[in-house]
There are 2 protein chains.
Amino acid sequence: MSDLPALAPATKHNHARCVRDALDTAEAVCARRGARLTALRRHVLELIWRSHKAIKAYEILDQLAGEIGAARPPTVYRALEFLMAHGLVHRVDSLNAFVGCADASHRHDAQFFICDACGTVREIDDVTIGRAVSRGAERLGFEVERRMIELHGRCGSCQ
Amino acid sequence: MSDLPALAPATKHNHARCVRDALDTAEAVCARRGARLTALRRHVLELIWRSHKAIKAYEILDQLAGEIGAARPPTVYRALEFLMAHGLVHRVDSLNAFVGCADASHRHDAQFFICDACGTVREIDDVTIGRAVSRGAERLGFEVERRMIELHGRCGSCQ
DNA sequence: CGTGAATTGTTATATTATTACATAGCGTCC
DNA sequence: GGACGCTATGTAATAATATAACAATTCACG
Ligand SMILES: [Zn+2]
Ligand SMILES: [Zn+2]
Ligand SMILES: [Zn+2]
Ligand SMILES: [Zn+2]
């Protein structure tokens, strides 16, 4: 595994450690469920975690091609499908892109704060927002199954 | 203009009237701003309003082709761009599709409740949800510029 | 009318994602 | 160990979504 200097996030933290933790959690989650975190899937997850930005499927594809030779779209999309199914990665619909889940220990929807200046995606799960949505849904007689909440703007360091 | 029976929404209402109102509002909004609601743009808006479902750009394209002859993607995407710029249409990112704005009198983000069974999209603008998001953002020091809030599930009649 | 700006037409291409089928790996039963 | 069945991966083709670049037309305004 190579070093990861160029793509580190804006927030100051030990990102190598941050990635290692994410991969360890992924191993644990998959082990617990009898799911196979294969070399390929693990590699894709690692690429996603190289930054706290959302990464596009074809960027993953290009990086894979540079590292392990030929890679085709289905390879990437299948890995992403697996990682999303196990809650290790979220899809950011407003960007057609993917980001590592900040709390992969349990499946969840979350809210994403996306800085349009630096690209950093910050995931939180705010119960107040969740409750507000639930009450709105209730008034409409609507049964919510999946929440997609993505807020675009400027993060603290980019204002 | 043809009749609109097949695509009427689940909720019982006078949909012909509903469409007419939407077009009238659009005329008014554009007049007020000196924007030109050309025949093409008006036609696209009307196609979008034929149902309360989100419609895909290429569905619009197909319908235009059937009605006025050749139509190319840029034609549709440009009309959509105009309609969105003037708040007459919203894009539903989680569907790559477009829906008529339920309250085009003023520009806004809103929340969309999307029934995955019947496809109906219900737009509301719930201040409670907006406030919850604002407070979440404030705690992160994040400045929100655009809110994408799309809730998938089942509407009342599809449960 | 003449002019410039906005709109639309047209061709090509970029970007994102899936289908369909072939091959390879891997655990289990006998 | 070998046959079987399941999961994962490889590969080719194509579908679905969106934009770029430039030409032709239309339209408001003077
Ligand atoms: Zn990190
Ligand atoms: Zn998450
Ligand atoms: Zn209606
Ligand atoms: Zn609206």
# chains A, B, ... in the order shown; residues from 1 in each chain; ligands from 1
>>> interface_residues(of="chain C", to="chain A", cutoff="9 Å", atoms="only C-alpha atoms (C1' of nucleotides)", output="number ranges by chain")
C: 15-18
>>> select_by_dssp(residues="chain A", states="alpha helix (DSSP H)", output="ChimeraX atom specification")
/A:15-33,39-48,57-68,73-85,127-140
>>> interface_residues(of="chain B", to="chain A", cutoff="8 Å", atoms="only C-alpha atoms", output="PyMOL selection string")
chain B and resi 93-94+113+126+128-129+132-133+136-137+140-156+159
>>> atom_distance(atom1="atom C1' of DG25 of chain C", atom2="atom CA of Asp24 of chain A")
24.4 Å
>>> closest_residue(among="B:Ala102, B:Val76, B:Ala65, B:Leu88", to="chain D", atoms="only C-alpha atoms (C1' of nucleotides)")
B:Val76
>>> atom_distance(atom1="atom 1 (Zn, counted along the ligand's line) of ligand 4", atom2="atom CA of Thr120 of chain A")
27.6 Å
>>> residues_around(residues="DA22 of chain C", least_positions_apart="3", cutoff="12 Å", atoms="only C-alpha atoms (C1' of nucleotides)", output="ChimeraX atom specification")
/D:9-12
